[in-house]
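A quick write-up on the structure given underneath.
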Protein chains: 2
Amino acid sequence: MTKHFLTERNLKSLRIFCAAAEAGGFSAAERTLALSKASISRHIRDVEEVLGVKLCERGPGGFRLTVSGIAALKQAQIALDALSRIKLEVDEVKGLLSGVIRIGMTEHIINKQYDLPGILRQYAQLAPDVTTDVRVMTFAQINHALRERTIDIAIRGRYEQDHLFHFFPLFEERQRLFVLEGINPQGLPLIYRPHPFVYELLATGHHPKGPSASGLEAVACLIASGCYVGILPETYAAEVWDYGRLVPVQTQDCYVNIVSAIIEKNRPPSAAVELFLQLLQQHSCLTPSSSKR
Amino acid sequence: MTKHFLTERNLKSLRIFCAAAEAGGFSAAERTLALSKASISRHIRDVEEVLGVKLCERGPGGFRLTVSGIAALKQAQIALDALSRIKLEVDEVKGLLSGVIRIGMTEHIINKQYDLPGILRQYAQLAPDVTTDVRVMTFAQINHALRERTIDIAIRGRYEQDHLFHFFPLFEERQRLFVLEGINPQGLPLIYRPHPFVYELLATGHHPKGPSASGLEAVACLIASGCYVGILPETYAAEVWDYGRLVPVQTQDCYVNIVSAIIEKNRPPSAAVELFLQLLQQHSCLTPSSSKR
DNA sequence: GTTTGTTACGATTTACGTAAGAATT
DNA sequence: AATTCTTACGTAAATCGTAACAAAC
């Protein structure tokens, strides 16, 4: 009994055997393989030893495959073909998953219930050849950028129906009206920022329009001054607790919206975008498709 | 740019990559592969270099395949599977084409129009694991051996219909009544041997029954004595010309029969017999299936 | 004599393990 | 501190080509 299994070392010998069979002899294969007859002879002898059969008759009288040799040749070609296909397959995946993915998002997407940094890390690991470009933008900038296609995918709250976009719900965000602790919010000016909830509250007339603020931190600063009320995400207000005692105005309802991944409807998503979308949805707390891996 | 193609050396690395992916890390694969981490690391680095992609993220943080890695893993498993199947395939063929093939034949099957030695040589090359057993037998012995299954296949002339046997025509053999040159054959005793043509001629009563002979050479000797007539194949009579002037008796018709390969009908032929039969028929001058190789 | 494949031997190449280093948990 | 992977280096093994040999045409 010799060795029982073929290894990749034997595959080399099999490749040489295939070449010899196609060339019709060792001397002819010598040129195509750029290998000495001695080596070819050894290789074929090794395979025959492992397989326990004679693969071919050879000698000055000519070259002829045995029945076993024909079977071995056929199977070896399948293996070699599969081997050569690996690179093609990988190249295809590599080609699809390369380039740039441009992500636009509003502030404060990062929070404890949705691990966007973790998703980005996972994405970078899964598709290391894709350059990821992430930028924080305002609500209006995001819509413009999506239409202009200067970003590929957006992450923001969904407030309106828009037939131009596809929405993929990710998690729920709750915003409330906040005021400095101990201050009576009644009639205080509302800090203005371009956001649907601000518009909505101003429309009620309960609060006059106050100073404009750009960015959640600016809003928080102005609220903490005690002169204004402002709308903030609950989780963000909790985070900036240390800077001042921001408390929700109890008389006011909670604004709930669904933070979603958004792509333009008329634009077929690239493989890179599709993979990112898939990861985002896998981590979603809303869809039932929240499986692991 | 690095190397463009995967070779069998890389397949070894791919097998190690597969094992690492299944084990879920290098340290775990270390045991299953009986290989040091250092080697595993090198192997996977090499494959990544050839493929130009990162196959997996690894580190103290854990092990995770990239999308390219998943594709590579899948294809590599196909190649490895094909490789492992080679031995199974060859073993099957080897198992079928081994053992003994027992061939019974009459005298003088070898002649210029049918190259039986060449067929036997080709058979030995195609199926080197089959032990070939060839024996010359008389007509009666062949029939008996076929029925008793002490031979697997016979080669002899076909004179009768026999529902117990399958006949595969190979070539035409012509036999005639011969006499020594210058001798009047009329009324001379016919050399007896157990053969249908002898029985047939004796039944006509033109010649009395002469001495018994065993073997064509014995018949030729007796004819050359000038005292008898005898039936011989034309080609054989031509070969022994030098031993004496044997000439055909012109008044007598030529006996024609079809030399055939014969197997017992109720016995399914083994793969070894089937292959031999196939070779015999390939060289046949009678059937239209006489193609090359 | 020429062609074809096999075996022997020395030189190069390759691969492995040990051990030390770097990075993460 | 413990784990996981990577890199460096010396040693062991496999592979190749040259060359001598045997066999068939």
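By convention in this document, the chains of the structure tokens carry letters A, B, ... by their order, each chain's residues are numbered from 1, and ligands are numbered from 1 in the order they are shown.
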Item to complete: Please identify every residue of chain C that has at least one atom no more than 7 Å from any atom of chain B, counting only C-alpha atoms (C1' of nucleotides), and report them as a VMD selection string.
Response: chain C and resid 17 24 to 25
Let me see the file: selected residues, N, CA, C and O atoms (P, O5', C5', C4', C3', O3' and C1' of nucleotides), as a PDB file, in the first residue's frame.
```pdb
ATOM      1  P    DG C  17       5.532  22.725  10.253  1.00  0.00           P
ATOM      2  O5'  DG C  17       6.668  23.090  11.311  1.00  0.00           O
ATOM      3  C5'  DG C  17       7.712  22.145  11.568  1.00  0.00           C
ATOM      4  C4'  DG C  17       8.735  22.730  12.505  1.00  0.00           C
ATOM      5  C3'  DG C  17       8.153  23.374  13.755  1.00  0.00           C
ATOM      6  O3'  DG C  17       8.912  22.997  14.903  1.00  0.00           O
ATOM      7  C1'  DG C  17       9.441  24.985  12.549  1.00  0.00           C
ATOM      8  P    DT C  24      -3.984  47.239  16.214  1.00  0.00           P
ATOM      9  O5'  DT C  24      -5.058  46.407  17.073  1.00  0.00           O
ATOM     10  C5'  DT C  24      -5.580  45.192  16.541  1.00  0.00           C
ATOM     11  C4'  DT C  24      -6.076  44.278  17.643  1.00  0.00           C
ATOM     12  C3'  DT C  24      -7.080  44.917  18.593  1.00  0.00           C
ATOM     13  O3'  DT C  24      -8.329  44.250  18.463  1.00  0.00           O
ATOM     14  C1'  DT C  24      -5.493  43.576  19.739  1.00  0.00           C
ATOM     15  P    DT C  25      -9.586  44.760  19.206  1.00  0.00           P
ATOM     16  O5'  DT C  25      -9.668  43.817  20.493  1.00  0.00           O
ATOM     17  C5'  DT C  25      -9.795  42.397  20.327  1.00  0.00           C
ATOM     18  C4'  DT C  25      -9.694  41.697  21.680  1.00  0.00           C
ATOM     19  C3'  DT C  25     -10.654  42.217  22.750  1.00  0.00           C
ATOM     20  O3'  DT C  25     -11.290  41.137  23.389  1.00  0.00           O
ATOM     21  C1'  DT C  25      -8.455  42.166  23.583  1.00  0.00           C
TER      22       DT C  25
END
```
Fill in: Distance query Leu73 in chain B at most 7 Å, only C-alpha atoms (C1' of nucleotides), self and fewer than 4 positions along chain excluded, as JSON, numbers by chain
{"B": [18, 69, 77]}
Can those selected residues be exported to a file as an mmCIF file, in the first residue's frame so that it contains N, CA, C and O atoms?
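What landed in selection_15.cif:
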```cif
data_model
loop_
_atom_site.group_PDB
_atom_site.id
_atom_site.type_symbol
_atom_site.label_atom_id
_atom_site.label_comp_id
_atom_site.auth_asym_id
_atom_site.auth_seq_id
_atom_site.Cartn_x
_atom_site.Cartn_y
_atom_site.Cartn_z
ATOM 1 N N CYS B 18 -8.891 27.021 3.110
ATOM 2 C CA CYS B 18 -10.186 26.399 3.379
ATOM 3 C C CYS B 18 -10.234 25.855 4.802
ATOM 4 O O CYS B 18 -11.223 26.048 5.517
ATOM 5 N N GLY B 69 -13.208 36.338 -0.342
ATOM 6 C CA GLY B 69 -12.813 35.117 0.345
ATOM 7 C C GLY B 69 -13.880 34.053 0.245
ATOM 8 O O GLY B 69 -13.581 32.864 0.062
ATOM 9 N N GLN B 77 -13.028 24.768 -3.063
ATOM 10 C CA GLN B 77 -13.602 23.502 -2.638
ATOM 11 C C GLN B 77 -13.991 22.651 -3.836
ATOM 12 O O GLN B 77 -13.856 21.426 -3.808
#
```
Item to complete: Please determine the contact residues of chain D with respect to chain A at a cut-off of 12 Å, counting only C-alpha atoms (C1' of nucleotides), and supply them as a ChimeraX atom specification.
Response: /D:14-19,22-25
Worksheet entry | Residues of range 67-292 of chain B in strand (DSSP E), written as an NGL selection string | :B and (99-105 or 130-136 or 153-158 or 165-180 or 190-192 or 209-212 or 230-233 or 246-248 or 255-264)
Discussion item. Near chain A, meaning an atom within 9 Å, which residues of chain B appear when counting only C-alpha atoms? Write them as a PyMOL selection string.
Written reply: chain B and resi 4-12+15+50-57+64-69+71-76+78-87+89-94+97+122-129
Fill in: Between CA of Glu49 in chain A and CA of Phe26 in chain A - distance in Å to one decimal
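That distance, rounded to one decimal, is 18.2 Å.
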Discussion item. What's around DA20 in chain D at 12 Å? Count only C-alpha atoms (C1' of nucleotides), leave out sequence neighbours fewer than 6 positions away in its own chain, and write the answer as a PyMOL selection string.
Written reply: chain C and resi 6-9
Item to complete: Using only C-alpha atoms, pick whichever of B:Arg193, B:Phe276, B:Val247, B:His206 has the shortest atom-to-atom distance to Leu120 in chain B.
Response: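 Looking only at the distances to Leu120 in chain B, the closest residue turns out to be B:Phe276.
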Discussion item. Which residues are close to Leu190 in chain A, i.e. within 7 Å by only C-alpha atoms (C1' of nucleotides), leaving aside same-chain residues fewer than 3 positions away? Reply as a list in words.
Written reply: His207, Pro208, Lys209, Gly210, Tyr228, Val229 and Gly230 of chain A
Output N, CA, C and O atoms for every residue in the selection just made, as a PDB file, in the first residue's frame.
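The new file out20.pdb reads:
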```
ATOM      1  N   HIS A 207     -44.785  78.501  20.047  1.00  0.00           N
ATOM      2  CA  HIS A 207     -43.484  79.147  20.295  1.00  0.00           C
ATOM      3  C   HIS A 207     -43.133  80.016  19.101  1.00  0.00           C
ATOM      4  O   HIS A 207     -43.318  79.598  17.961  1.00  0.00           O
ATOM      5  N   PRO A 208     -42.621  81.197  19.349  1.00  0.00           N
ATOM      6  CA  PRO A 208     -42.159  82.027  18.235  1.00  0.00           C
ATOM      7  C   PRO A 208     -40.832  81.496  17.703  1.00  0.00           C
ATOM      8  O   PRO A 208     -40.155  80.693  18.360  1.00  0.00           O
ATOM      9  N   LYS A 209     -40.493  81.940  16.521  1.00  0.00           N
ATOM     10  CA  LYS A 209     -39.230  81.493  15.912  1.00  0.00           C
ATOM     11  C   LYS A 209     -38.060  82.163  16.623  1.00  0.00           C
ATOM     12  O   LYS A 209     -38.012  83.402  16.743  1.00  0.00           O
ATOM     13  N   GLY A 210     -37.129  81.350  17.100  1.00  0.00           N
ATOM     14  CA  GLY A 210     -35.974  81.888  17.812  1.00  0.00           C
ATOM     15  C   GLY A 210     -34.762  81.954  16.914  1.00  0.00           C
ATOM     16  O   GLY A 210     -34.897  81.980  15.679  1.00  0.00           O
ATOM     17  N   TYR A 228     -34.185  79.661  25.502  1.00  0.00           N
ATOM     18  CA  TYR A 228     -34.929  79.105  24.372  1.00  0.00           C
ATOM     19  C   TYR A 228     -35.329  77.661  24.639  1.00  0.00           C
ATOM     20  O   TYR A 228     -34.810  77.002  25.551  1.00  0.00           O
ATOM     21  N   VAL A 229     -36.239  77.206  23.833  1.00  0.00           N
ATOM     22  CA  VAL A 229     -36.506  75.770  23.783  1.00  0.00           C
ATOM     23  C   VAL A 229     -36.024  75.263  22.423  1.00  0.00           C
ATOM     24  O   VAL A 229     -35.913  76.035  21.464  1.00  0.00           O
ATOM     25  N   GLY A 230     -35.753  73.978  22.347  1.00  0.00           N
ATOM     26  CA  GLY A 230     -35.268  73.413  21.078  1.00  0.00           C
ATOM     27  C   GLY A 230     -35.590  71.929  20.968  1.00  0.00           C
ATOM     28  O   GLY A 230     -35.794  71.242  21.978  1.00  0.00           O
TER      29      GLY A 230
END
```
Item to complete: Write out as a list in words the residues lying within 10 Å of Phe197 in chain A, counting only C-alpha atoms (C1' of nucleotides) and excluding same-chain residues fewer than 6 positions away.
Response: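 Once the nearby chain positions are removed, what remains is Tyr159, Gln175, Arg176, Leu177, Ala203, Ile231, Leu232, Tyr255, Val256 and Asn257 of chain A.
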Fill in: Close residues, DC9 in chain D itself excluded, 12 Å, only C-alpha atoms (C1' of nucleotides), min 6 positions apart in chain, as a VMD selection string
chain C and resid 16 to 20
Fill in: Selection: 9 Å around DT6 in chain D, only C-alpha atoms (C1' of nucleotides), excl. self and same-chain fewer than 6 positions, as a list in words
Ala38, Ser41 and Arg42 of chain B; DG21 and DA22 of chain C
Filtering to all heavy atoms, could you give me those residues as a JSON list (two decimals), in the first residue's frame?
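Written output follows (result18.json):
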```json
[["chain", "number", "residue", "atom", "x", "y", "z"],
["B", 38, "ALA", "N", 2.88, 30.00, 11.51],
["B", 38, "ALA", "CA", 3.75, 30.73, 10.58],
["B", 38, "ALA", "C", 3.52, 30.28, 9.15],
["B", 38, "ALA", "O", 3.36, 31.09, 8.24],
["B", 38, "ALA", "CB", 5.21, 30.52, 10.97],
["B", 41, "SER", "N", 0.07, 31.34, 7.87],
["B", 41, "SER", "CA", 0.10, 32.77, 7.56],
["B", 41, "SER", "C", 0.74, 33.02, 6.19],
["B", 41, "SER", "O", 0.20, 33.75, 5.37],
["B", 41, "SER", "CB", 0.87, 33.51, 8.65],
["B", 41, "SER", "OG", 1.01, 34.87, 8.31],
["B", 42, "ARG", "N", 1.88, 32.37, 5.98],
["B", 42, "ARG", "CA", 2.58, 32.54, 4.70],
["B", 42, "ARG", "C", 1.71, 32.08, 3.54],
["B", 42, "ARG", "O", 1.60, 32.76, 2.51],
["B", 42, "ARG", "CB", 3.88, 31.76, 4.72],
["B", 42, "ARG", "CG", 5.06, 32.50, 5.28],
["B", 42, "ARG", "CD", 6.33, 31.75, 4.99],
["B", 42, "ARG", "NE", 6.30, 30.41, 5.54],
["B", 42, "ARG", "CZ", 6.88, 30.07, 6.69],
["B", 42, "ARG", "NH1", 7.51, 30.98, 7.40],
["B", 42, "ARG", "NH2", 6.83, 28.85, 7.14],
["C", 21, "DG", "P", 12.56, 40.35, 19.92],
["C", 21, "DG", "OP1", 13.67, 41.30, 19.75],
["C", 21, "DG", "OP2", 12.06, 40.01, 21.26],
["C", 21, "DG", "O5'", 11.32, 40.87, 19.04],
["C", 21, "DG", "C5'", 11.51, 41.12, 17.65],
["C", 21, "DG", "C4'", 10.19, 41.52, 17.01],
["C", 21, "DG", "O4'", 9.30, 40.38, 16.99],
["C", 21, "DG", "C3'", 9.43, 42.64, 17.74],
["C", 21, "DG", "O3'", 9.00, 43.61, 16.80],
["C", 21, "DG", "C2'", 8.25, 41.93, 18.39],
["C", 21, "DG", "C1'", 8.01, 40.78, 17.42],
["C", 21, "DG", "N9", 7.37, 39.63, 18.03],
["C", 21, "DG", "C8", 7.78, 38.94, 19.14],
["C", 21, "DG", "N7", 6.99, 37.94, 19.45],
["C", 21, "DG", "C5", 5.99, 37.99, 18.49],
["C", 21, "DG", "C6", 4.85, 37.17, 18.31],
["C", 21, "DG", "O6", 4.49, 36.21, 19.00],
["C", 21, "DG", "N1", 4.10, 37.57, 17.21],
["C", 21, "DG", "C2", 4.41, 38.63, 16.39],
["C", 21, "DG", "N2", 3.57, 38.85, 15.39],
["C", 21, "DG", "N3", 5.47, 39.40, 16.54],
["C", 21, "DG", "C4", 6.20, 39.02, 17.61],
["C", 22, "DA", "P", 8.54, 45.04, 17.35],
["C", 22, "DA", "OP1", 9.27, 46.06, 16.59],
["C", 22, "DA", "OP2", 8.54, 45.06, 18.83],
["C", 22, "DA", "O5'", 7.01, 45.06, 16.88],
["C", 22, "DA", "C5'", 6.68, 44.77, 15.53],
["C", 22, "DA", "C4'", 5.17, 44.64, 15.38],
["C", 22, "DA", "O4'", 4.74, 43.37, 15.93],
["C", 22, "DA", "C3'", 4.38, 45.72, 16.13],
["C", 22, "DA", "O3'", 3.36, 46.22, 15.29],
["C", 22, "DA", "C2'", 3.80, 45.00, 17.33],
["C", 22, "DA", "C1'", 3.66, 43.58, 16.81],
["C", 22, "DA", "N9", 3.75, 42.55, 17.85],
["C", 22, "DA", "C8", 4.68, 42.45, 18.85],
["C", 22, "DA", "N7", 4.51, 41.42, 19.63],
["C", 22, "DA", "C5", 3.39, 40.78, 19.10],
["C", 22, "DA", "C6", 2.69, 39.62, 19.48],
["C", 22, "DA", "N6", 3.03, 38.86, 20.51],
["C", 22, "DA", "N1", 1.62, 39.27, 18.74],
["C", 22, "DA", "C2", 1.26, 40.04, 17.70],
["C", 22, "DA", "N3", 1.84, 41.16, 17.25],
["C", 22, "DA", "C4", 2.91, 41.47, 18.01]]
```
